[in-house]
$ cat input-v9.txt   # compact mmCIF, C-alpha atoms
# COMPACT_ATOMS: atom_id res chain seq x y z
CA MET T 767 -14.29 6.48 -18.62
CA ARG T 768 -17.52 4.48 -18.91
CA ILE T 769 -18.17 2.29 -15.87
CA MET T 770 -20.62 -0.58 -15.69
CA PHE T 771 -21.58 -2.22 -12.40
CA VAL T 772 -22.24 -5.95 -12.84
CA GLY T 773 -23.63 -8.04 -10.02
CA ASP T 774 -26.29 -9.99 -8.21
CA SER T 775 -28.70 -9.03 -5.43
CA MET T 776 -25.90 -7.34 -3.46
CA THR T 777 -25.41 -4.93 -6.37
CA ILE T 778 -28.91 -4.29 -7.68
CA GLY T 779 -30.14 -3.65 -4.14
CA SER T 780 -33.68 -3.71 -2.81
CA ALA T 781 -36.35 -1.02 -2.51
CA GLY T 782 -35.26 1.53 0.08
CA ASP T 783 -31.51 0.83 -0.26
CA PHE T 784 -28.83 3.37 -1.10
CA THR T 785 -26.73 0.56 -2.75
CA TRP T 786 -22.95 0.38 -2.98
CA ARG T 787 -23.32 1.74 -6.50
CA TYR T 788 -24.57 4.98 -4.96
CA ARG T 789 -21.63 5.05 -2.55
CA MET T 790 -19.25 4.55 -5.49
CA TRP T 791 -20.91 7.38 -7.42
CA GLN T 792 -20.44 9.66 -4.40
CA HIS T 793 -16.79 8.65 -4.12
CA LEU T 794 -16.01 9.25 -7.79
CA ASN T 795 -17.69 12.65 -7.71
CA ALA T 796 -15.55 13.61 -4.72
CA THR T 797 -12.17 12.27 -5.84
CA PHE T 798 -12.03 11.66 -9.60
CA ASP T 799 -11.12 14.67 -11.74
CA GLY T 800 -11.54 12.96 -15.09
CA PRO T 801 -14.81 12.71 -17.02
CA TYR T 802 -16.75 9.54 -16.42
CA ARG T 803 -20.18 8.08 -17.00
CA ILE T 804 -22.01 5.18 -15.37
CA VAL T 805 -23.56 2.99 -18.06
CA GLY T 806 -25.72 -0.11 -18.35
CA PRO T 807 -29.10 -1.40 -19.52
CA ARG T 808 -30.90 -1.34 -16.16
CA ARG T 809 -31.70 1.32 -13.54
CA THR T 810 -34.09 -0.19 -11.03
CA LEU T 811 -33.94 -1.90 -7.65
CA HIS T 812 -35.50 -5.21 -6.71
CA ASP T 813 -39.05 -4.88 -5.38
CA PRO T 814 -39.60 -7.56 -2.69
CA ALA T 815 -43.37 -7.13 -2.80
CA GLY T 816 -43.58 -8.09 -6.45
CA ASP T 817 -40.36 -10.12 -6.55
CA ALA T 818 -39.31 -8.17 -9.64
CA PRO T 819 -36.74 -5.50 -10.60
CA THR T 820 -39.33 -2.73 -10.78
CA SER T 821 -38.60 -0.38 -7.88
CA HIS T 822 -37.29 3.16 -8.27
CA ALA T 823 -37.37 3.78 -4.51
CA TYR T 824 -33.70 4.55 -3.84
CA ALA T 825 -33.00 5.78 -0.30
CA ASP T 826 -31.70 9.02 -1.79
CA PRO T 827 -34.22 10.23 -4.39
CA ALA T 828 -31.59 12.73 -5.58
CA PHE T 829 -29.47 9.86 -6.95
CA PRO T 830 -29.51 10.87 -10.65
CA GLU T 831 -31.28 8.61 -13.10
CA ASP T 832 -28.24 8.29 -15.33
CA ALA T 833 -26.02 7.32 -12.40
CA ARG T 834 -28.42 4.50 -11.49
CA ARG T 835 -27.49 2.45 -14.55
CA HIS T 836 -26.16 -1.08 -14.05
CA LEU T 837 -26.26 -4.70 -15.16
CA ALA T 838 -27.29 -6.49 -11.98
CA GLY T 839 -30.13 -8.77 -10.98
CA TRP T 840 -31.58 -10.50 -7.96
CA GLY T 841 -30.71 -14.19 -8.26
CA GLU T 842 -28.37 -13.67 -11.22
CA GLY T 843 -24.76 -14.84 -11.24
CA TRP T 844 -21.85 -15.51 -13.58
CA LEU T 845 -24.03 -18.15 -15.23
CA HIS T 846 -26.59 -15.51 -16.20
CA MET T 847 -24.30 -12.58 -16.93
CA ALA T 848 -21.84 -14.38 -19.22
CA PRO T 849 -24.40 -14.53 -22.09
CA LEU T 850 -25.47 -10.90 -21.51
CA ILE T 851 -22.22 -9.04 -21.02
CA GLY T 852 -21.06 -8.85 -24.63
CA ASP T 853 -24.20 -7.13 -25.86
CA ALA T 854 -24.33 -4.85 -22.81
CA VAL T 855 -20.71 -3.74 -23.27
CA ARG T 856 -21.22 -3.20 -26.99
CA ARG T 857 -24.48 -1.26 -26.67
CA HIS T 858 -23.31 0.97 -23.83
CA ASP T 859 -19.67 1.32 -24.87
CA ALA T 860 -18.40 0.30 -21.42
CA ASP T 861 -14.65 0.35 -20.87
CA THR T 862 -14.49 -0.50 -17.14
CA LEU T 863 -16.45 -3.26 -15.39
CA LEU T 864 -16.83 -3.48 -11.61
CA VAL T 865 -18.06 -7.03 -11.00
CA SER T 866 -19.40 -8.67 -7.86
CA LEU T 867 -20.78 -12.14 -8.62
CA GLY T 868 -20.49 -15.74 -7.51
CA LEU T 869 -22.37 -16.25 -4.26
CA ILE T 870 -25.66 -17.05 -5.96
CA ASP T 871 -23.92 -19.37 -8.43
CA LEU T 872 -22.33 -21.44 -5.66
CA GLY T 873 -25.49 -21.41 -3.60
CA PHE T 874 -27.92 -22.57 -6.28
CA TYR T 875 -26.52 -23.20 -9.75
CA THR T 876 -22.90 -24.33 -10.21
CA ASP T 877 -19.95 -25.63 -8.24
CA ALA T 878 -16.69 -23.71 -7.92
CA ASP T 879 -15.05 -25.15 -11.04
CA GLN T 880 -18.13 -24.63 -13.21
CA THR T 881 -18.46 -21.08 -11.90
CA ALA T 882 -14.82 -20.38 -12.76
CA ASP T 883 -15.51 -21.61 -16.30
CA ASN T 884 -18.35 -19.08 -16.51
CA VAL T 885 -15.97 -16.32 -15.40
CA ARG T 886 -13.74 -17.17 -18.37
CA GLU T 887 -16.74 -17.08 -20.72
CA PHE T 888 -17.74 -13.71 -19.28
CA VAL T 889 -14.27 -12.24 -19.81
CA ALA T 890 -14.07 -13.59 -23.35
CA ALA T 891 -17.47 -12.15 -24.28
CA ALA T 892 -16.67 -8.74 -22.80
CA ARG T 893 -13.38 -8.62 -24.67
CA ALA T 894 -15.02 -9.67 -27.93
CA ALA T 895 -17.20 -6.59 -27.59
CA ALA T 896 -14.41 -4.26 -26.37
CA PRO T 897 -10.85 -5.61 -26.72
CA HIS T 898 -9.39 -2.94 -24.41
CA ILE T 899 -11.91 -3.36 -21.61
CA ARG T 900 -10.63 -3.53 -18.03
CA MET T 901 -12.30 -5.22 -15.09
CA VAL T 902 -12.19 -5.31 -11.31
CA LEU T 903 -13.51 -8.60 -9.93
CA MET T 904 -14.65 -9.05 -6.33
CA PRO T 905 -14.08 -12.42 -4.63
CA VAL T 906 -17.10 -14.13 -3.13
CA ILE T 907 -17.78 -12.79 0.34
CA PRO T 908 -19.10 -15.77 2.34
CA ASN T 909 -22.51 -15.12 3.84
CA VAL T 910 -24.20 -16.49 6.95
CA ARG T 911 -24.82 -19.83 5.23
CA ALA T 912 -21.08 -20.48 5.16
CA THR T 913 -20.93 -20.41 8.96
CA ALA T 914 -23.27 -23.39 9.22
CA ASP T 915 -22.62 -25.26 5.97
CA ALA T 916 -19.02 -26.46 5.75
CA ALA T 917 -19.42 -27.77 2.20
CA PHE T 918 -20.71 -24.41 0.99
CA ALA T 919 -17.90 -22.59 2.80
CA ALA T 920 -15.39 -24.89 1.07
CA GLN T 921 -16.91 -24.10 -2.32
CA CYS T 922 -16.59 -20.37 -1.63
CA GLU T 923 -12.95 -20.82 -0.69
CA ARG T 924 -12.27 -23.01 -3.72
CA PHE T 925 -13.92 -20.53 -6.09
CA ASN T 926 -11.94 -17.61 -4.72
CA GLU T 927 -8.74 -19.55 -5.32
CA LEU T 928 -9.83 -20.26 -8.90
CA LEU T 929 -10.88 -16.66 -9.41
CA ALA T 930 -7.44 -15.43 -8.36
CA LYS T 931 -5.82 -17.88 -10.79
CA THR T 932 -8.20 -16.84 -13.57
CA VAL T 933 -7.36 -13.17 -13.07
CA ALA T 934 -3.64 -13.96 -13.13
CA ASP T 935 -3.99 -16.13 -16.23
CA LEU T 936 -6.20 -13.81 -18.26
CA SER T 937 -5.01 -10.32 -17.38
CA THR T 938 -3.11 -8.60 -20.19
CA PRO T 939 -1.67 -5.11 -20.67
CA ARG T 940 -4.28 -4.52 -23.35
CA SER T 941 -7.19 -5.67 -21.17
CA PRO T 942 -6.15 -5.72 -17.50
CA LEU T 943 -8.04 -7.64 -14.83
CA LEU T 944 -7.81 -6.78 -11.14
CA LEU T 945 -8.79 -8.95 -8.21
CA ALA T 946 -10.26 -6.68 -5.54
CA SER T 947 -9.61 -7.45 -1.91
CA GLU T 948 -12.48 -8.67 0.23
CA PRO T 949 -13.74 -5.56 2.05
CA ALA T 950 -11.60 -4.90 5.12
CA GLY T 951 -13.51 -5.22 8.34
CA TRP T 952 -16.42 -7.11 6.80
CA ARG T 953 -18.37 -8.70 9.63
CA THR T 954 -21.65 -10.28 8.65
CA ALA T 955 -23.47 -9.01 11.72
CA HIS T 956 -22.71 -5.38 10.83
CA ALA T 957 -21.99 -5.40 7.10
CA THR T 958 -25.31 -7.08 6.20
CA TYR T 959 -28.90 -6.69 7.30
CA ASP T 960 -29.88 -10.32 6.79
CA GLY T 961 -26.63 -12.30 6.68
CA THR T 962 -26.09 -11.68 2.96
CA HIS T 963 -27.17 -8.29 1.64
CA PRO T 964 -25.18 -5.18 2.56
CA SER T 965 -26.34 -2.80 5.23
CA GLU T 966 -25.46 0.88 4.84
CA HIS T 967 -22.10 0.09 6.45
CA GLY T 968 -21.63 -2.88 4.11
CA GLU T 969 -22.42 -0.70 1.10
CA ARG T 970 -19.57 1.59 2.09
CA LEU T 971 -17.21 -1.34 2.60
CA LEU T 972 -18.00 -2.75 -0.85
CA ALA T 973 -17.62 0.61 -2.55
CA GLY T 974 -14.36 1.10 -0.66
CA ALA T 975 -12.91 -2.19 -1.84
CA PHE T 976 -13.59 -1.34 -5.49
CA ALA T 977 -12.43 2.26 -5.02
CA GLU T 978 -9.13 1.16 -3.49
CA ALA T 979 -8.49 -1.25 -6.37
CA LEU T 980 -9.15 1.47 -8.95
CA HIS T 981 -7.02 4.00 -7.12
CA GLN T 982 -4.06 1.77 -6.33
CA ALA T 983 -3.81 0.01 -9.70
CA TRP T 984 -4.93 2.64 -12.19
CA GLY T 985 -4.83 5.95 -10.34
CA VAL T 986 -8.59 6.45 -10.66
CA GLY T 987 -10.00 8.66 -7.91
CA GLY T 988 -8.48 8.84 -4.46
CA PRO T 989 -8.39 6.72 -1.31
CA TYR T 990 -11.81 5.79 -0.01
CA HIS T 991 -12.89 7.21 3.32
CA LEU T 992 -15.76 5.58 5.18
CA ALA T 993 -18.45 8.13 5.92
CA ALA T 994 -19.47 6.35 9.11
CA PRO T 995 -17.87 3.82 11.47
CA ALA T 996 -19.12 0.29 11.96
CA PRO T 997 -21.92 0.09 14.52
CA GLU T 998 -20.87 -1.09 17.93
CA PRO T 999 -22.09 -4.50 19.12
CA VAL T 1000 -25.16 -4.37 21.35
CA PRO T 1001 -24.45 -6.10 24.69
CA ALA T 1002 -26.66 -9.05 25.51
CA PRO T 1003 -29.18 -8.25 28.27
$ encode --input "input-v9.txt" --output "structure tokens"
Amino acid sequence: MRIMFVGDSMTIGSAGDFTWRYRMWQHLNATFDGPYRIVGPRRTLHDPAGDAPTSHAYADPAFPEDARRHLAGWGEGWLHMAPLIGDAVRRHDADTLLVSLGLIDLGFYTDADQTADNVREFVAAARAAAPHIRMVLMPVIPNVRATADAAFAAQCERFNELLAKTVADLSTPRSPLLLASEPAGWRTAHATYDGTHPSEHGERLLAGAFAEALHQAWGVGGPYHLAAPAPEPVPAP
């Protein structure tokens, strides 16, 4: 099994993060008895100081170099990954994609319908490189902007509806697609550190959502167990 993480800033992570990729690696090591490898063309985190993907400062320095591989980028979405995925799958012989994209597209680049078109291009390119590839796709998790911008919130909702339809339309026995569930218990105040990017608790929730999809649909690994509870709200003074 050769897994590639594909995503935006929530997946690449920033200097000092563990990342949900790390949480997923921990989970697979603990529950999956089959051989697997994490693959992809990139290994680094985003460095805020230089605004570039150049940091190696993972929160756990023992996170192995090979397990750090991914195809994720700060500010990159379906629009950016669709032209890259075919070559990445081909070069790294990926057979399973765990994909979390869309928020950046809707926020800056494309509307819901255009973004859904890019999902279809992405799937087609991945399959051209590996006809038996399987994918787990995460819906857009609305961030803090959606609480104040009704139009943006509506685009997130519209895209998630289109993503569900796309998964249903394109999934085949030869190349199955799964729609992951939005992480249970996701509350922006606790699951993110800035209204968008996952906190340590949010990393676990994201990893858990992908892990549950893999386990329930394909028998990969076991149920995901959160290593820590959500932090309790701090009462106002």
$ atom_distance --input "input-v9.txt" --atom1 "CA of Ala977 (chain T)" --atom2 "CA of Leu903 (chain T)"
12.0 Å
$ closest_residue --input "input-v9.txt" --among "T:Arg911, T:Arg924, T:His898, T:Arg857" --to "Asp877 (chain T)" --atoms "only C-alpha atoms"
T:Arg924
$ closest_residue --input "input-v9.txt" --among "T:Glu978, T:Glu842, T:Glu948, T:Asp832" --to "Pro819 (chain T)" --atoms "all atoms listed in the file"
T:Glu842
$ residues_around --input "input-v9.txt" --residues "Ala946 (chain T)" --least-positions-apart "2" --cutoff "7 Å" --atoms "all atoms listed in the file" --output "VMD selection string"
chain T and resid 902 to 905 944 948 975 to 976 979
$ residues_around --input "input-v9.txt" --residues "Ala781 (chain T)" --least-positions-apart "4" --cutoff "8 Å" --atoms "all atoms listed in the file" --output "NGL selection string"
:T and (811-814 or 821-825)
$ atom_distance --input "input-v9.txt" --atom1 "CA of Val906 (chain T)" --atom2 "CA of Tyr875 (chain T)"
14.7 Å
$ closest_residue --input "input-v9.txt" --among "T:Ala828, T:Met790, T:Leu971, T:Leu869" --to "Trp952 (chain T)" --atoms "only C-alpha atoms"
T:Leu971
$ residues_around --input "input-v9.txt" --residues "His956 (chain T)" --least-positions-apart "2" --cutoff "8 Å" --atoms "only C-alpha atoms" --output "PDB file with C-alpha atoms, keeping the file's coordinate frame"
ATOM      1  CA  TRP T 952     -16.420  -7.110   6.800  1.00  0.00           C
ATOM      2  CA  ARG T 953     -18.370  -8.700   9.630  1.00  0.00           C
ATOM      3  CA  THR T 954     -21.650 -10.280   8.650  1.00  0.00           C
ATOM      4  CA  THR T 958     -25.310  -7.080   6.200  1.00  0.00           C
ATOM      5  CA  TYR T 959     -28.900  -6.690   7.300  1.00  0.00           C
ATOM      6  CA  SER T 965     -26.340  -2.800   5.230  1.00  0.00           C
ATOM      7  CA  HIS T 967     -22.100   0.090   6.450  1.00  0.00           C
ATOM      8  CA  GLY T 968     -21.630  -2.880   4.110  1.00  0.00           C
ATOM      9  CA  ALA T 996     -19.120   0.290  11.960  1.00  0.00           C
ATOM     10  CA  PRO T 997     -21.920   0.090  14.520  1.00  0.00           C
TER      11      PRO T 997
END
$ residues_around --input "input-v9.txt" --residues "Thr810 (chain T)" --least-positions-apart "4" --cutoff "12 Å" --atoms "all atoms listed in the file" --output "count of residues only"
31
